[in-house]
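Novice: The structure that follows is given in the form of structure tokens.
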There are 2 protein chains.
Amino acid sequence: MRYALIVSYDGTHYSGFQRQPNARTVQGELERAAEQVFGCPTRVQGSGRTDAGVHALGQVCHLDGSTAVPAEKLKDCLNRFLPNDLRVLNSMKAPEGFDCTRGAKRKTYCYRFYFSPTEQPLLSRYYARVKEAPDLAKMRKAAALVTGEHDFKAFCASGSSAKTSVRTVYSVDIRESVIGQARTFEIAVCGNGFLYNMVRILAGELVAVGCGKEEGFTEAFASGKRNCLARTMPACGLCLMNVEYGRTPEGC
Amino acid sequence: MRYALIVSYDGTHYSGFQRQPNARTVQGELERAAEQVFGCPTRVQGSGRTDAGVHALGQVCHLDGSTAVPAEKLKDCLNRFLPNDLRVLNSMKAPEGFDCTRGAKRKTYCYRFYFSPTEQPLLSRYYARVKEAPDLAKMRKAAALVTGEHDFKAFCASGSSAKTSVRTVYSVDIRESVIGQARTFEIAVCGNGFLYNMVRILAGELVAVGCGKEEGFTEAFASGKRNCLARTMPACGLCLMNVEYGRTPEGC
């Protein structure tokens, strides 16, 4: 039987999602737990990889196995063998033909950062810091250009194995709130898929635009070449919020 | 010269604020940094102690020392010698006669928790988990009883050295928001001072009331005896938000 899982993790101490020899990975920990529960080596597949240090609130995985435990209770069995910074939030029987990787229709990532003259110990685990206060109106204007189907070549780190760099971004929402003395920002990006480092590069571009470096962004977007004015934002600010499927088990 | 500091820390890996031999404490780390900056052993006093595992967004401290560095820049000097989970957010010349402990007029603590059937790795550092969904309206009704000058004997852990258990609570604000699949709650309590564990006990009482155990709360409040239906909530959910002074250096 195939099971679908919704998985959340604090990525701080993981070398990313994908299994690697001699490294602590999310997939590695999930497979170790699954082996304990099913009594045999069990592959756990994810909707996609997340990089080292990136968090997830709603990563979707699937695995095949056989157990007398009801599908809804499988999460409790797995959680018993998982470390504290990784939890299965939901488990269910996957519908016929469900594949968490190939079936993924939309993903939403959230990039969080804050502006503060000093590092903030209560934010630094889940937010990146920027040293200049960005202009939200400028960021939103640039974000609007990104929406739709585009070639995102300029927003892709080298080393990507993707066949095409054309992706559709459904929405980019930018919100601000104040925590203590810090202004915090959230960039939520929903799309049909993302290139290697695309959200972190896009977040860096939008921050650069917000700090008055508009030309670089427009040029990069038009030419498909990386903008030398912007930086790739650090992993700690990125979180995979959810993955949506055309026809889904409840909650996926 | 006396300096006032606004200090923030992630309390997870601290044995509380107060200096202790052979333990990692906030005061200990601040004094170690101050000794580096001033070149001699330097006492750093806090507005009050926070317990092991409790966080602070705006703890206020003072210290006496002599340096050519402008008061506003002292924070940068101290931060150079502090670990990542502890930062001085502001430093300034303290006004004549300023004492961060005796001068504190109002403190605001925030207690954060979430309701979710499963632990949430992205919340568990700064939020406690409750297994039942509390009723906000009931909690707010009970919170209203707490406001004002009362004997908070029933909300004090044993081992307190306070002369009196009478305190004034200026306000208790309870807010709910949803993060992923979890309902999160914040109880912000502002008062002229707090007994040992008072906010964590009060949070536990309010959660018990929210889960339908109203009698215990009313009884405890009337009799001054601890309510056996409620538990002291864990340290991770507690954060000292700010300390206010009658006459203050800017920002205190």
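Ordered as shown in the structure tokens, chains take letters A, B, and onward, while each chain numbers its residues from 1 and ligands are numbered from 1 in the order shown.
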Name the residues in contact with region 109-122 of chain B at a cut-off of 8 Å, using only C-alpha atoms, excluding same-chain residues fewer than 3 positions from it; report them as number ranges by chain.

Specialist: A: 8-10, 55, 57, 84-89; B: 125-133, 181-190, 199-200, 203, 237-242

Novice: Is it possible to get the superposed chain A, fitted on chain B over all Cα pairs by sequence order, as a CSV table (one decimal) with C-alpha atoms, in the first residue's frame?

Specialist:
chain,number,residue,atom,x,y,z
A,1,MET,CA,29.7,56.1,34.2
A,2,ARG,CA,26.6,53.9,34.3
A,3,TYR,CA,25.3,52.4,31.1
A,4,ALA,CA,21.8,51.0,30.4
A,5,LEU,CA,21.5,48.1,28.0
A,6,ILE,CA,18.6,46.4,26.2
A,7,VAL,CA,19.4,42.8,25.9
A,8,SER,CA,17.7,40.0,23.9
A,9,TYR,CA,18.4,36.3,24.2
A,10,ASP,CA,17.2,32.9,23.1
A,11,GLY,CA,17.1,31.2,26.5
A,12,THR,CA,17.1,27.6,25.1
A,13,HIS,CA,20.7,26.9,26.1
A,14,TYR,CA,20.9,29.1,29.2
A,15,SER,CA,20.5,28.0,32.8
A,16,GLY,CA,18.6,31.3,33.3
A,17,PHE,CA,19.7,34.9,33.7
A,18,GLN,CA,21.5,34.8,37.1
A,19,ARG,CA,25.2,34.1,37.3
A,20,GLN,CA,26.0,30.6,38.6
A,21,PRO,CA,29.3,28.7,38.9
A,22,ASN,CA,29.7,26.0,36.2
A,23,ALA,CA,26.6,26.9,34.3
A,24,ARG,CA,26.0,29.0,31.1
A,25,THR,CA,24.0,32.0,32.2
A,26,VAL,CA,23.0,35.3,30.5
A,27,GLN,CA,24.6,37.4,33.3
A,28,GLY,CA,27.7,35.3,33.2
A,29,GLU,CA,28.1,35.8,29.4
A,30,LEU,CA,27.4,39.5,29.7
A,31,GLU,CA,30.0,39.9,32.5
A,32,ARG,CA,32.6,37.9,30.5
A,33,ALA,CA,32.0,40.3,27.5
A,34,ALA,CA,32.1,43.4,29.7
A,35,GLU,CA,35.4,42.3,31.2
A,36,GLN,CA,36.9,42.1,27.7
A,37,VAL,CA,35.6,45.5,26.8
A,38,PHE,CA,36.4,47.4,30.0
A,39,GLY,CA,39.6,45.4,30.8
A,40,CYS,CA,38.5,44.6,34.4
A,41,PRO,CA,35.9,42.5,36.1
A,42,THR,CA,32.6,44.2,35.6
A,43,ARG,CA,29.2,43.4,37.3
A,44,VAL,CA,26.2,43.5,35.0
A,45,GLN,CA,22.8,43.8,36.8
A,46,GLY,CA,19.5,42.8,35.3
A,47,SER,CA,16.0,44.1,35.8
A,48,GLY,CA,15.2,40.7,37.2
A,49,ARG,CA,16.0,37.0,36.7
A,50,THR,CA,14.6,34.9,34.0
A,51,ASP,CA,14.5,31.1,34.6
A,52,ALA,CA,16.4,28.5,32.6
A,53,GLY,CA,15.0,28.2,29.1
A,54,VAL,CA,13.1,31.5,29.2
A,55,HIS,CA,13.7,34.0,26.4
A,56,ALA,CA,13.9,37.8,26.4
A,57,LEU,CA,13.2,40.3,23.7
A,58,GLY,CA,13.9,43.4,25.8
A,59,GLN,CA,15.6,42.6,29.1
A,60,VAL,CA,17.1,45.8,30.7
A,61,CYS,CA,20.5,45.7,32.4
A,62,HIS,CA,23.0,48.3,33.8
A,63,LEU,CA,26.7,48.3,34.4
A,64,ASP,CA,29.3,50.8,35.6
A,65,GLY,CA,32.5,51.3,33.8
A,66,SER,CA,34.7,53.7,32.0
A,67,THR,CA,35.5,53.6,28.3
A,68,ALA,CA,36.3,56.1,25.5
A,69,VAL,CA,33.7,54.4,23.3
A,70,PRO,CA,30.5,56.5,22.9
A,71,ALA,CA,27.6,55.0,25.0
A,72,GLU,CA,25.6,54.2,21.8
A,73,LYS,CA,28.5,52.1,20.4
A,74,LEU,CA,29.1,50.1,23.6
A,75,LYS,CA,26.6,47.5,22.3
A,76,ASP,CA,28.8,46.8,19.3
A,77,CYS,CA,31.8,46.3,21.5
A,78,LEU,CA,29.9,43.9,23.8
A,79,ASN,CA,28.3,42.0,20.9
A,80,ARG,CA,31.7,41.2,19.5
A,81,PHE,CA,32.3,39.0,22.6
A,82,LEU,CA,28.9,37.6,23.0
A,83,PRO,CA,27.6,34.2,21.7
A,84,ASN,CA,25.0,34.3,18.8
A,85,ASP,CA,22.1,33.6,21.0
A,86,LEU,CA,22.6,36.7,23.1
A,87,ARG,CA,22.8,40.3,21.8
A,88,VAL,CA,22.8,43.8,23.3
A,89,LEU,CA,20.2,45.6,21.1
A,90,ASN,CA,20.8,49.1,22.5
A,91,SER,CA,23.2,50.8,24.9
A,92,MET,CA,23.0,54.3,26.3
A,93,LYS,CA,24.2,56.5,29.1
A,94,ALA,CA,21.9,55.8,32.1
A,95,PRO,CA,20.3,58.9,33.7
A,96,GLU,CA,21.4,60.0,37.1
A,97,GLY,CA,20.4,57.4,39.8
A,98,PHE,CA,19.2,54.8,37.3
A,99,ASP,CA,18.9,51.3,38.7
A,100,CYS,CA,17.5,48.7,36.3
A,101,THR,CA,16.2,46.5,39.1
A,102,ARG,CA,14.8,48.9,41.6
A,103,GLY,CA,13.6,51.4,39.0
A,104,ALA,CA,11.5,48.9,37.0
A,105,LYS,CA,7.9,50.1,37.0
A,106,ARG,CA,6.2,47.7,34.6
A,107,LYS,CA,7.2,44.4,32.9
A,108,THR,CA,5.5,42.6,30.1
A,109,TYR,CA,5.9,38.9,29.6
A,110,CYS,CA,4.4,36.9,26.7
A,111,TYR,CA,3.5,33.3,27.0
A,112,ARG,CA,3.1,31.4,23.7
A,113,PHE,CA,1.6,28.0,23.1
A,114,TYR,CA,-0.1,26.0,20.3
A,115,PHE,CA,-2.7,23.4,20.0
A,116,SER,CA,-1.9,20.6,17.6
A,117,PRO,CA,-2.4,16.9,17.7
A,118,THR,CA,1.3,16.5,16.7
A,119,GLU,CA,4.4,18.3,17.8
A,120,GLN,CA,5.4,21.0,15.4
A,121,PRO,CA,9.2,21.3,14.9
A,122,LEU,CA,9.0,24.9,13.7
A,123,LEU,CA,7.1,26.0,16.8
A,124,SER,CA,8.6,24.0,19.6
A,125,ARG,CA,11.5,26.3,20.3
A,126,TYR,CA,9.3,29.2,21.3
A,127,TYR,CA,5.9,27.7,21.9
A,128,ALA,CA,4.6,25.1,24.4
A,129,ARG,CA,2.2,22.5,23.1
A,130,VAL,CA,-1.3,21.8,24.6
A,131,LYS,CA,-3.2,18.7,23.7
A,132,GLU,CA,-6.7,20.2,24.0
A,133,ALA,CA,-8.0,23.2,22.1
A,134,PRO,CA,-8.8,25.9,24.7
A,135,ASP,CA,-11.9,28.1,24.5
A,136,LEU,CA,-10.6,31.7,24.1
A,137,ALA,CA,-13.7,33.4,25.4
A,138,LYS,CA,-13.5,31.4,28.7
A,139,MET,CA,-9.8,32.3,29.0
A,140,ARG,CA,-10.4,36.0,28.4
A,141,LYS,CA,-13.2,36.0,31.1
A,142,ALA,CA,-10.8,34.5,33.6
A,143,ALA,CA,-8.0,36.8,32.6
A,144,ALA,CA,-10.2,39.8,33.3
A,145,LEU,CA,-10.4,38.6,37.0
A,146,VAL,CA,-6.6,38.7,37.3
A,147,THR,CA,-6.3,42.4,36.3
A,148,GLY,CA,-5.8,44.8,39.1
A,149,GLU,CA,-4.1,44.6,42.5
A,150,HIS,CA,-4.4,41.1,44.1
A,151,ASP,CA,-2.7,38.6,46.3
A,152,PHE,CA,-1.2,36.2,43.8
A,153,LYS,CA,-0.1,33.6,46.4
A,154,ALA,CA,-1.8,30.9,44.4
A,155,PHE,CA,0.3,31.7,41.4
A,156,CYS,CA,3.7,31.4,43.0
A,157,ALA,CA,6.0,28.4,43.0
A,158,SER,CA,7.5,27.4,46.3
A,159,GLY,CA,11.0,28.7,46.9
A,160,SER,CA,10.1,32.3,46.4
A,161,SER,CA,11.9,34.9,48.6
A,162,ALA,CA,9.4,37.7,47.9
A,163,LYS,CA,8.2,39.6,51.0
A,164,THR,CA,4.7,40.0,49.8
A,165,SER,CA,2.7,38.2,47.1
A,166,VAL,CA,0.5,41.2,46.3
A,167,ARG,CA,1.1,42.4,42.8
A,168,THR,CA,-0.7,44.6,40.3
A,169,VAL,CA,-1.5,43.2,36.9
A,170,TYR,CA,-2.2,46.0,34.4
A,171,SER,CA,-3.4,43.9,31.5
A,172,VAL,CA,-3.7,40.4,30.2
A,173,ASP,CA,-4.2,40.2,26.4
A,174,ILE,CA,-4.9,36.9,24.7
A,175,ARG,CA,-4.5,36.6,20.9
A,176,GLU,CA,-4.9,33.7,18.6
A,177,SER,CA,-3.4,33.0,15.1
A,178,VAL,CA,-3.0,30.1,12.8
A,179,ILE,CA,0.4,28.8,11.7
A,180,GLY,CA,0.2,25.9,9.3
A,181,GLN,CA,-2.0,23.3,10.8
A,182,ALA,CA,-1.6,24.7,14.4
A,183,ARG,CA,-3.6,27.2,16.3
A,184,THR,CA,-1.2,29.4,18.3
A,185,PHE,CA,-2.0,31.5,21.3
A,186,GLU,CA,-0.2,34.4,23.0
A,187,ILE,CA,-1.0,35.6,26.5
A,188,ALA,CA,0.7,39.0,27.1
A,189,VAL,CA,0.8,39.9,30.8
A,190,CYS,CA,1.8,43.4,31.9
A,191,GLY,CA,2.3,44.0,35.7
A,192,ASN,CA,4.4,45.9,38.3
A,193,GLY,CA,6.3,42.7,39.1
A,194,PHE,CA,5.9,39.0,39.1
A,195,LEU,CA,6.3,36.2,41.7
A,196,TYR,CA,8.5,33.1,41.0
A,197,ASN,CA,7.0,31.2,38.1
A,198,MET,CA,3.9,33.5,38.2
A,199,VAL,CA,3.4,33.9,34.5
A,200,ARG,CA,3.9,30.2,33.7
A,201,ILE,CA,1.5,29.2,36.5
A,202,LEU,CA,-1.0,31.8,35.3
A,203,ALA,CA,-0.7,30.6,31.7
A,204,GLY,CA,-1.3,27.0,33.0
A,205,GLU,CA,-4.4,28.2,34.9
A,206,LEU,CA,-5.8,30.0,31.9
A,207,VAL,CA,-5.2,27.0,29.7
A,208,ALA,CA,-7.0,24.8,32.3
A,209,VAL,CA,-10.0,27.3,32.3
A,210,GLY,CA,-10.0,27.3,28.5
A,211,CYS,CA,-10.3,23.5,28.6
A,212,GLY,CA,-13.3,23.6,30.9
A,213,LYS,CA,-11.7,23.4,34.3
A,214,GLU,CA,-13.1,26.7,35.6
A,215,GLU,CA,-13.7,25.8,39.2
A,216,GLY,CA,-10.1,25.2,40.1
A,217,PHE,CA,-9.1,28.7,39.0
A,218,THR,CA,-11.9,30.5,40.9
A,219,GLU,CA,-11.1,28.4,44.0
A,220,ALA,CA,-7.3,29.0,43.8
A,221,PHE,CA,-7.8,32.7,43.3
A,222,ALA,CA,-10.2,33.0,46.2
A,223,SER,CA,-8.2,30.7,48.6
A,224,GLY,CA,-4.7,31.6,47.6
A,225,LYS,CA,-3.9,27.9,47.3
A,226,ARG,CA,-2.4,26.4,44.1
A,227,ASN,CA,-4.9,24.8,41.8
A,228,CYS,CA,-4.2,21.1,41.4
A,229,LEU,CA,-6.0,21.0,38.1
A,230,ALA,CA,-3.5,23.3,36.4
A,231,ARG,CA,0.2,22.7,35.6
A,232,THR,CA,3.1,25.2,35.4
A,233,MET,CA,3.7,25.7,31.7
A,234,PRO,CA,7.2,24.9,30.3
A,235,ALA,CA,9.9,27.6,30.1
A,236,CYS,CA,10.3,27.6,26.3
A,237,GLY,CA,6.9,29.4,25.8
A,238,LEU,CA,7.9,32.4,28.0
A,239,CYS,CA,9.5,35.6,26.8
A,240,LEU,CA,10.3,38.8,28.7
A,241,MET,CA,9.0,41.4,26.2
A,242,ASN,CA,10.0,44.7,27.8
A,243,VAL,CA,10.7,46.5,31.0
A,244,GLU,CA,9.4,50.1,31.5
A,245,TYR,CA,10.7,52.8,33.8
A,246,GLY,CA,9.1,55.9,35.2
A,247,ARG,CA,11.8,58.2,33.9
A,248,THR,CA,13.9,56.4,31.4
A,249,PRO,CA,16.7,56.7,28.9
A,250,GLU,CA,15.2,56.6,25.5
A,251,GLY,CA,14.1,53.1,24.5
A,252,CYS,CA,14.1,51.6,28.0

Novice: What are the DSSP strand (DSSP E) residues of region 66-183 of chain A, as a ChimeraX atom specification?

Specialist: /A:86-93,104-115,128-130,148-151,166-179,182-183

Novice: Residues of the last selection are to be written out with N, CA and C atoms, as a compact mmCIF listing (two decimals), in the first residue's frame.

Specialist:
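File produced: out27.txt:
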# COMPACT_ATOMS: atom_id res chain seq x y z
N LEU A 86 11.97 16.93 13.53
CA LEU A 86 11.33 16.35 12.34
C LEU A 86 10.08 15.59 12.78
N ARG A 87 8.93 15.95 12.20
CA ARG A 87 7.68 15.28 12.57
C ARG A 87 6.80 15.03 11.36
N VAL A 88 6.13 13.87 11.36
CA VAL A 88 5.07 13.61 10.39
C VAL A 88 3.79 14.18 10.99
N LEU A 89 3.20 15.18 10.32
CA LEU A 89 2.00 15.83 10.87
C LEU A 89 0.74 15.06 10.49
N ASN A 90 0.75 14.43 9.33
CA ASN A 90 -0.41 13.66 8.86
C ASN A 90 0.06 12.47 8.04
N SER A 91 -0.68 11.39 8.15
CA SER A 91 -0.42 10.24 7.28
C SER A 91 -1.77 9.74 6.78
N MET A 92 -1.80 9.25 5.57
CA MET A 92 -3.07 8.79 4.99
C MET A 92 -2.78 7.80 3.87
N LYS A 93 -3.77 7.04 3.49
CA LYS A 93 -3.66 6.14 2.35
C LYS A 93 -3.61 7.03 1.10
N ALA A 104 2.94 16.74 -8.04
CA ALA A 104 2.90 18.08 -7.41
C ALA A 104 2.52 19.15 -8.43
N LYS A 105 1.46 19.88 -8.17
CA LYS A 105 0.98 20.91 -9.12
C LYS A 105 1.42 22.31 -8.72
N ARG A 106 1.40 22.60 -7.44
CA ARG A 106 1.78 23.93 -6.95
C ARG A 106 2.55 23.78 -5.64
N LYS A 107 3.58 24.61 -5.49
CA LYS A 107 4.31 24.65 -4.22
C LYS A 107 4.35 26.09 -3.74
N THR A 108 4.27 26.24 -2.43
CA THR A 108 4.43 27.58 -1.87
C THR A 108 5.61 27.60 -0.92
N TYR A 109 6.53 28.52 -1.20
CA TYR A 109 7.66 28.75 -0.32
C TYR A 109 7.50 30.13 0.33
N CYS A 110 8.01 30.25 1.55
CA CYS A 110 7.97 31.54 2.20
C CYS A 110 9.41 31.94 2.54
N TYR A 111 9.82 33.13 2.15
CA TYR A 111 11.14 33.61 2.54
C TYR A 111 10.97 34.72 3.58
N ARG A 112 11.61 34.56 4.73
CA ARG A 112 11.45 35.53 5.83
C ARG A 112 12.77 36.24 6.11
N PHE A 113 12.69 37.54 6.31
CA PHE A 113 13.89 38.28 6.70
C PHE A 113 13.49 39.47 7.56
N TYR A 114 14.47 40.05 8.22
CA TYR A 114 14.18 41.21 9.07
C TYR A 114 15.24 42.27 8.88
N PHE A 115 14.80 43.50 9.12
CA PHE A 115 15.74 44.60 9.10
C PHE A 115 15.96 45.08 10.52
N ALA A 128 16.38 35.70 7.88
CA ALA A 128 17.68 36.26 7.50
C ALA A 128 17.67 37.74 7.87
N ARG A 129 18.85 38.32 8.08
CA ARG A 129 18.90 39.74 8.42
C ARG A 129 19.37 40.55 7.22
N VAL A 130 18.74 41.70 7.00
CA VAL A 130 19.25 42.64 6.00
C VAL A 130 19.63 43.93 6.71
N GLY A 148 3.39 34.91 -13.44
CA GLY A 148 3.09 34.42 -14.79
C GLY A 148 4.13 33.42 -15.25
N GLU A 149 4.04 33.00 -16.53
CA GLU A 149 5.01 32.04 -17.07
C GLU A 149 6.19 32.79 -17.65
N HIS A 150 7.39 32.49 -17.17
CA HIS A 150 8.60 33.18 -17.62
C HIS A 150 9.77 32.22 -17.65
N ASP A 151 10.82 32.63 -18.35
CA ASP A 151 12.08 31.91 -18.28
C ASP A 151 12.85 32.49 -17.08
N VAL A 166 11.86 27.43 -17.72
CA VAL A 166 10.56 28.10 -17.77
C VAL A 166 9.70 27.57 -16.62
N ARG A 167 9.16 28.49 -15.85
CA ARG A 167 8.30 28.13 -14.74
C ARG A 167 7.14 29.12 -14.67
N THR A 168 6.06 28.69 -14.01
CA THR A 168 4.95 29.61 -13.80
C THR A 168 4.87 29.98 -12.33
N VAL A 169 4.92 31.28 -12.07
CA VAL A 169 4.73 31.77 -10.70
C VAL A 169 3.30 32.29 -10.61
N TYR A 170 2.51 31.69 -9.71
CA TYR A 170 1.10 32.08 -9.60
C TYR A 170 0.91 33.35 -8.78
N SER A 171 1.74 33.49 -7.75
CA SER A 171 1.59 34.69 -6.91
C SER A 171 2.86 34.94 -6.10
N VAL A 172 3.09 36.21 -5.81
CA VAL A 172 4.16 36.61 -4.88
C VAL A 172 3.52 37.61 -3.92
N ASP A 173 3.39 37.21 -2.66
CA ASP A 173 2.79 38.11 -1.66
C ASP A 173 3.86 38.55 -0.68
N ILE A 174 3.91 39.84 -0.44
CA ILE A 174 4.91 40.38 0.49
C ILE A 174 4.20 41.05 1.66
N ARG A 175 4.55 40.61 2.86
CA ARG A 175 3.91 41.18 4.05
C ARG A 175 4.96 41.66 5.05
N GLU A 176 4.62 42.69 5.77
CA GLU A 176 5.53 43.22 6.78
C GLU A 176 4.88 43.18 8.14
N SER A 177 5.65 42.88 9.17
CA SER A 177 5.15 43.07 10.53
C SER A 177 6.31 43.43 11.44
N VAL A 178 5.99 43.92 12.63
CA VAL A 178 7.04 44.38 13.52
C VAL A 178 7.14 43.43 14.71
N ILE A 179 8.35 42.93 14.97
CA ILE A 179 8.58 42.08 16.14
C ILE A 179 9.65 42.77 16.97
N ALA A 182 12.44 45.05 15.51
CA ALA A 182 12.79 44.67 14.14
C ALA A 182 11.57 44.71 13.22
N ARG A 183 11.78 45.17 11.99
CA ARG A 183 10.75 45.06 10.96
C ARG A 183 10.99 43.72 10.26

Novice: Just list the residues in region 27-252 of chain A DSSP gives alpha helix (DSSP H) on the backbone, as a PyMOL selection string.

Specialist: chain A and resi 27-38+74-80+136-146+198-210+214-223
